[in-house]
Structures are given as C-alpha cells and as structure tokens.
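A.B. asks: My file is upload-v1.pdb. It has PDB, N, CA and C atoms:
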```pdb
ATOM      1  N   MET S1035      46.056  13.040  30.004
ATOM      2  CA  MET S1035      45.341  11.902  30.540
ATOM      3  C   MET S1035      44.016  12.367  31.136
ATOM      4  N   ARG S1036      42.954  11.643  30.854
ATOM      5  CA  ARG S1036      41.624  12.032  31.344
ATOM      6  C   ARG S1036      41.423  11.597  32.782
ATOM      7  N   ASN S1037      40.739  12.434  33.503
ATOM      8  CA  ASN S1037      40.368  12.114  34.870
ATOM      9  C   ASN S1037      39.024  11.399  34.828
ATOM     10  N   ALA S1038      38.901  10.240  35.465
ATOM     11  CA  ALA S1038      37.687   9.441  35.414
ATOM     12  C   ALA S1038      36.500  10.150  36.054
ATOM     13  N   SER S1039      36.744  11.025  37.008
ATOM     14  CA  SER S1039      35.641  11.684  37.693
ATOM     15  C   SER S1039      35.058  12.842  36.891
ATOM     16  N   SER S1040      35.784  13.350  35.913
ATOM     17  CA  SER S1040      35.270  14.468  35.130
ATOM     18  C   SER S1040      35.089  14.052  33.670
ATOM     19  N   SER S1041      34.301  13.044  33.476
ATOM     20  CA  SER S1041      34.058  12.526  32.132
ATOM     21  C   SER S1041      33.208  13.506  31.340
ATOM     22  N   SER S1042      33.621  13.780  30.104
ATOM     23  CA  SER S1042      32.843  14.682  29.262
ATOM     24  C   SER S1042      31.683  13.962  28.593
ATOM     25  N   GLU S1043      31.688  12.620  28.653
ATOM     26  CA  GLU S1043      30.591  11.841  28.079
ATOM     27  C   GLU S1043      29.501  11.679  29.124
ATOM     28  N   SER S1044      28.266  11.885  28.713
ATOM     29  CA  SER S1044      27.147  11.696  29.631
ATOM     30  C   SER S1044      26.183  10.692  29.035
ATOM     31  N   ALA S1045      25.377  10.107  29.888
ATOM     32  CA  ALA S1045      24.385   9.131  29.437
ATOM     33  C   ALA S1045      23.356   9.843  28.571
ATOM     34  N   PRO S1046      22.860   9.178  27.517
ATOM     35  CA  PRO S1046      21.853   9.824  26.676
ATOM     36  C   PRO S1046      20.584  10.107  27.470
ATOM     37  N   THR S1047      20.007  11.250  27.192
ATOM     38  CA  THR S1047      18.771  11.641  27.857
ATOM     39  C   THR S1047      17.607  10.878  27.239
ATOM     40  N   PRO S1048      16.772  10.231  28.074
ATOM     41  CA  PRO S1048      15.637   9.508  27.495
ATOM     42  C   PRO S1048      14.648  10.476  26.848
ATOM     43  N   ALA S1049      14.011  10.017  25.784
ATOM     44  CA  ALA S1049      13.018  10.845  25.095
ATOM     45  C   ALA S1049      11.821  11.053  26.022
ATOM     46  N   PRO S1050      11.223  12.237  25.996
ATOM     47  CA  PRO S1050      10.043  12.476  26.839
ATOM     48  C   PRO S1050       8.871  11.624  26.377
ATOM     49  N   GLU S1051       7.994  11.323  27.306
ATOM     50  CA  GLU S1051       6.809  10.526  26.974
ATOM     51  C   GLU S1051       5.944  11.294  25.983
ATOM     52  N   ARG S1052       5.495  10.592  24.955
ATOM     53  CA  ARG S1052       4.659  11.232  23.928
ATOM     54  C   ARG S1052       3.283  11.528  24.505
ATOM     55  N   LEU S1053       2.788  12.725  24.271
ATOM     56  CA  LEU S1053       1.467  13.113  24.743
ATOM     57  C   LEU S1053       0.389  12.779  23.731
ATOM     58  N   LEU S1054       0.751  12.763  22.452
ATOM     59  CA  LEU S1054      -0.219  12.515  21.392
ATOM     60  C   LEU S1054       0.332  11.470  20.425
ATOM     61  N   LEU S1055      -0.575  10.653  19.887
ATOM     62  CA  LEU S1055      -0.207   9.619  18.930
ATOM     63  C   LEU S1055      -0.779   9.957  17.566
ATOM     64  N   SER S1056      -0.060   9.576  16.525
ATOM     65  CA  SER S1056      -0.579   9.726  15.167
ATOM     66  C   SER S1056      -1.652   8.665  14.933
ATOM     67  N   ILE S1057      -2.372   8.792  13.840
ATOM     68  CA  ILE S1057      -3.412   7.809  13.526
ATOM     69  C   ILE S1057      -2.828   6.407  13.378
ATOM     70  N   PRO S1058      -1.740   6.206  12.643
ATOM     71  CA  PRO S1058      -1.191   4.844  12.555
ATOM     72  C   PRO S1058      -0.750   4.280  13.910
ATOM     73  N   GLU S1059      -0.173   5.130  14.755
ATOM     74  CA  GLU S1059       0.244   4.669  16.082
ATOM     75  C   GLU S1059      -0.960   4.288  16.933
ATOM     76  N   ALA S1060      -2.001   5.119  16.915
ATOM     77  CA  ALA S1060      -3.202   4.841  17.702
ATOM     78  C   ALA S1060      -3.918   3.595  17.178
ATOM     79  N   ALA S1061      -3.953   3.420  15.863
ATOM     80  CA  ALA S1061      -4.573   2.230  15.281
ATOM     81  C   ALA S1061      -3.840   0.971  15.735
ATOM     82  N   ALA S1062      -2.522   1.038  15.805
ATOM     83  CA  ALA S1062      -1.736  -0.107  16.271
ATOM     84  C   ALA S1062      -2.052  -0.416  17.730
ATOM     85  N   VAL S1063      -2.228   0.617  18.543
ATOM     86  CA  VAL S1063      -2.578   0.415  19.955
ATOM     87  C   VAL S1063      -3.926  -0.292  20.066
ATOM     88  N   LEU S1064      -4.896   0.129  19.262
ATOM     89  CA  LEU S1064      -6.233  -0.475  19.304
ATOM     90  C   LEU S1064      -6.305  -1.818  18.576
ATOM     91  N   GLY S1065      -5.319  -2.073  17.727
ATOM     92  CA  GLY S1065      -5.346  -3.311  16.957
ATOM     93  C   GLY S1065      -6.361  -3.273  15.836
ATOM     94  N   CYS S1066      -6.539  -2.096  15.256
ATOM     95  CA  CYS S1066      -7.489  -1.952  14.145
ATOM     96  C   CYS S1066      -6.761  -1.306  12.966
ATOM     97  N   THR S1067      -7.462  -1.176  11.864
ATOM     98  CA  THR S1067      -6.862  -0.541  10.694
ATOM     99  C   THR S1067      -6.905   0.983  10.849
ATOM    100  N   VAL S1068      -6.077   1.638  10.074
ATOM    101  CA  VAL S1068      -6.063   3.102  10.058
ATOM    102  C   VAL S1068      -7.439   3.625   9.659
ATOM    103  N   TRP S1069      -8.060   3.004   8.666
ATOM    104  CA  TRP S1069      -9.370   3.483   8.202
ATOM    105  C   TRP S1069     -10.457   3.264   9.234
ATOM    106  N   SER S1070     -10.382   2.174   9.986
ATOM    107  CA  SER S1070     -11.355   1.967  11.066
ATOM    108  C   SER S1070     -11.222   3.061  12.114
ATOM    109  N   LEU S1071      -9.994   3.413  12.446
ATOM    110  CA  LEU S1071      -9.778   4.474  13.423
ATOM    111  C   LEU S1071     -10.254   5.809  12.875
ATOM    112  N   ARG S1072      -9.978   6.080  11.602
ATOM    113  CA  ARG S1072     -10.463   7.336  11.000
ATOM    114  C   ARG S1072     -11.989   7.435  11.099
ATOM    115  N   GLU S1073     -12.671   6.344  10.846
ATOM    116  CA  GLU S1073     -14.139   6.355  10.942
ATOM    117  C   GLU S1073     -14.592   6.662  12.368
ATOM    118  N   LEU S1074     -13.886   6.121  13.366
ATOM    119  CA  LEU S1074     -14.222   6.428  14.764
ATOM    120  C   LEU S1074     -13.992   7.906  15.062
ATOM    121  N   LEU S1075     -12.929   8.478  14.510
ATOM    122  CA  LEU S1075     -12.659   9.895  14.721
ATOM    123  C   LEU S1075     -13.714  10.762  14.049
ATOM    124  N   TRP S1076     -14.055  10.419  12.795
ATOM    125  CA  TRP S1076     -15.055  11.203  12.067
ATOM    126  C   TRP S1076     -16.424  11.123  12.726
ATOM    127  N   ALA S1077     -16.721   9.978  13.340
ATOM    128  CA  ALA S1077     -18.003   9.808  14.041
ATOM    129  C   ALA S1077     -17.955  10.402  15.446
ATOM    130  N   LYS S1078     -16.809  10.986  15.812
ATOM    131  CA  LYS S1078     -16.585  11.607  17.122
ATOM    132  C   LYS S1078     -16.788  10.608  18.265
ATOM    133  N   LYS S1079     -16.353   9.368  18.041
ATOM    134  CA  LYS S1079     -16.415   8.352  19.088
ATOM    135  C   LYS S1079     -15.137   8.330  19.916
ATOM    136  N   ILE S1080     -14.062   8.892  19.367
ATOM    137  CA  ILE S1080     -12.803   9.049  20.088
ATOM    138  C   ILE S1080     -12.401  10.510  19.968
ATOM    139  N   LYS S1081     -12.035  11.112  21.091
ATOM    140  CA  LYS S1081     -11.596  12.505  21.074
ATOM    141  C   LYS S1081     -10.256  12.612  20.359
ATOM    142  N   PHE S1082     -10.015  13.766  19.757
ATOM    143  CA  PHE S1082      -8.757  13.986  19.039
ATOM    144  C   PHE S1082      -8.370  15.450  19.104
ATOM    145  N   VAL S1083      -7.141  15.713  18.743
ATOM    146  CA  VAL S1083      -6.612  17.071  18.651
ATOM    147  C   VAL S1083      -6.223  17.276  17.200
ATOM    148  N   ARG S1084      -6.602  18.403  16.634
ATOM    149  CA  ARG S1084      -6.183  18.715  15.262
ATOM    150  C   ARG S1084      -5.065  19.739  15.315
ATOM    151  N   ILE S1085      -4.004  19.416  14.635
ATOM    152  CA  ILE S1085      -2.908  20.364  14.448
ATOM    153  C   ILE S1085      -2.712  20.436  12.943
ATOM    154  N   GLY S1086      -3.133  21.545  12.379
ATOM    155  CA  GLY S1086      -3.135  21.659  10.927
ATOM    156  C   GLY S1086      -4.132  20.657  10.369
ATOM    157  N   ARG S1087      -3.651  19.794   9.478
ATOM    158  CA  ARG S1087      -4.521  18.768   8.892
ATOM    159  C   ARG S1087      -4.402  17.430   9.614
ATOM    160  N   ARG S1088      -3.526  17.377  10.604
ATOM    161  CA  ARG S1088      -3.271  16.122  11.304
ATOM    162  C   ARG S1088      -4.258  15.904  12.441
ATOM    163  N   PHE S1089      -4.697  14.661  12.595
ATOM    164  CA  PHE S1089      -5.494  14.231  13.734
ATOM    165  C   PHE S1089      -4.533  13.523  14.683
ATOM    166  N   LEU S1090      -4.492  13.944  15.935
ATOM    167  CA  LEU S1090      -3.629  13.325  16.932
ATOM    168  C   LEU S1090      -4.487  12.891  18.108
ATOM    169  N   ILE S1091      -4.142  11.754  18.702
ATOM    170  CA  ILE S1091      -4.978  11.151  19.728
ATOM    171  C   ILE S1091      -4.172  10.977  21.005
ATOM    172  N   CYS S1092      -4.770  11.354  22.120
ATOM    173  CA  CYS S1092      -4.163  11.191  23.430
ATOM    174  C   CYS S1092      -4.354   9.734  23.870
ATOM    175  N   PRO S1093      -3.310   9.083  24.369
ATOM    176  CA  PRO S1093      -3.467   7.702  24.829
ATOM    177  C   PRO S1093      -4.575   7.534  25.873
ATOM    178  N   LYS S1094      -4.791   8.539  26.712
ATOM    179  CA  LYS S1094      -5.859   8.464  27.712
ATOM    180  C   LYS S1094      -7.226   8.376  27.030
ATOM    181  N   ASP S1095      -7.406   9.088  25.923
ATOM    182  CA  ASP S1095      -8.675   9.034  25.209
ATOM    183  C   ASP S1095      -8.891   7.672  24.561
ATOM    184  N   LEU S1096      -7.806   7.019  24.131
ATOM    185  CA  LEU S1096      -7.938   5.646  23.624
ATOM    186  C   LEU S1096      -8.397   4.721  24.744
ATOM    187  N   GLN S1097      -7.792   4.888  25.935
ATOM    188  CA  GLN S1097      -8.193   4.049  27.075
ATOM    189  C   GLN S1097      -9.643   4.317  27.452
ATOM    190  N   ASP S1098     -10.074   5.576  27.418
ATOM    191  CA  ASP S1098     -11.477   5.910  27.712
ATOM    192  C   ASP S1098     -12.409   5.211  26.728
ATOM    193  N   TYR S1099     -12.047   5.224  25.451
ATOM    194  CA  TYR S1099     -12.867   4.545  24.431
ATOM    195  C   TYR S1099     -12.948   3.052  24.725
ATOM    196  N   ILE S1100     -11.826   2.452  25.055
ATOM    197  CA  ILE S1100     -11.798   1.024  25.371
ATOM    198  C   ILE S1100     -12.686   0.744  26.574
ATOM    199  N   ASP S1101     -12.550   1.533  27.627
ATOM    200  CA  ASP S1101     -13.335   1.323  28.842
ATOM    201  C   ASP S1101     -14.843   1.442  28.573
ATOM    202  N   LYS S1102     -15.242   2.416  27.749
ATOM    203  CA  LYS S1102     -16.664   2.625  27.450
ATOM    204  C   LYS S1102     -17.240   1.502  26.592
ATOM    205  N   ASN S1103     -16.400   0.823  25.834
ATOM    206  CA  ASN S1103     -16.894  -0.175  24.890
ATOM    207  C   ASN S1103     -16.603  -1.606  25.315
ATOM    208  N   LYS S1104     -16.196  -1.802  26.534
ATOM    209  CA  LYS S1104     -15.985  -3.161  27.038
ATOM    210  C   LYS S1104     -17.332  -3.854  27.181
ATOM    211  N   ASP S1105     -17.331  -5.128  26.919
ATOM    212  CA  ASP S1105     -18.567  -5.905  27.018
ATOM    213  C   ASP S1105     -18.213  -7.290  27.530
ATOM    214  N   PHE S1106     -19.195  -7.964  28.084
ATOM    215  CA  PHE S1106     -19.022  -9.336  28.571
ATOM    216  C   PHE S1106     -19.429 -10.311  27.481
ATOM    217  N   ALA S1107     -18.815 -11.475  27.504
ATOM    218  CA  ALA S1107     -19.204 -12.527  26.554
ATOM    219  C   ALA S1107     -20.615 -12.985  26.897
ATOM    220  N   ALA S1108     -21.389 -13.291  25.869
ATOM    221  CA  ALA S1108     -22.778 -13.698  26.091
ATOM    222  C   ALA S1108     -22.865 -15.125  26.552
TER     223      ALA S1108
END
```
As structure tokens, what does this structure read like?
C.D. replies:
Amino acid sequence: MRNASSSSESAPTPAPERLLLSIPEAAAVLGCTVWSLRELLWAKKIKFVRIGRRFLICPKDLQDYIDKNKDFAA
C-alpha cells in the first residue's frame, strides 16, 4: 500500500522561458509575414543572434523595435 506522503509522482516541471524566438515566432508576435521580418533583419532594423544558419530574435529586441517605431495618428 502506498503512503500518501511519499508519492513518487511529482508535478511536471514548467518549461523555462524562451530567450530567443525563431523567425516565424517573432513574425507572429509582430503580426507581420515571415518575409517582412526577414527584410527587417537583413536591413539590420531588428537585432538578431545567428546560430549556424538560423536567425533568432530576443523578445526584448522586438519590443525595442516596436517602441522606436511607435507613431501618433495624424
């Protein structure tokens, strides 16, 4: 008979917060197409990290881009 206080089952460990987003994930955050985001990366308008051939984007850098490009309605 199992003792309730010494349960061998434990709650699942939550996944760690992602530090970098893929291009499709970052495009979804910005609400733009993958190709629009690629053009921003190639124009060096958004900072990125390259790992091999992959471009990865920090969520903070997406927020910085948004903050720099905010505008008021005319």
A.B. asks: Pull the alpha helix (DSSP H) assignments for chain S out of DSSP run on the backbone, and list those residues as a PyMOL selection string.
C.D. replies: chain S and resi 1057-1064+1068-1076+1093-1102
A.B. asks: Would you list the contacts of range 1048-1056 of chain S as a list in words, taking every protein, DNA or RNA residue within 5 Å and counting all atoms listed in the file, but skipping same-chain residues closer than 2 positions in sequence?
C.D. replies: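 Contacts, with the query itself left out: Pro1046, Pro1058, Glu1059, Ala1060, Leu1090, Ile1091 and Cys1092 of chain S.
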A.B. asks: Based on DSSP run over this structure's backbone, return all residues of chain S in strand (DSSP E), as a ChimeraX atom specification.
C.D. replies: /S:1083-1085,1088-1090
A.B. asks: Give me, please, the distance in Å between atom N of Ala1107 in chain S and atom N of Glu1073 in chain S, quoted to one decimal.
C.D. replies: 25.2 Å
A.B. asks: Quick one: what's the axis-aligned box for range 1078-1083 of chain S, all listed atoms, 4 Å on every side, centre and edges in Å to one decimal, as lines of an AutoDock Vina configuration file?
C.D. replies:
```
center_x = -11.5
center_y = 12.8
center_z = 18.5
size_x = 18.6
size_y = 16.9
size_z = 13.3
```
A.B. asks: What's the separation between atom N of Asn1103 in chain S and atom C of Ala1062 in chain S, in Å to one decimal place?
C.D. replies: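 Interatomic distance, atom N of Asn1103 in chain S to atom C of Ala1062 in chain S: 16.5 Å.
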A.B. asks: Suppose you want the space between atom C of Gly1086 in chain S and CA of Ile1100 in chain S; what is it in Å?
C.D. replies: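 Interatomic distance, atom C of Gly1086 in chain S to CA of Ile1100 in chain S: 25.9 Å.
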A.B. asks: Can you translate the PyMOL selection byres (((chain S and resi 1071 and name CA) around 12) and name CA) into the concrete residues it hits in this file, as number ranges by chain?
C.D. replies: S: 1056-1070, 1072-1082, 1089-1091, 1096, 1099
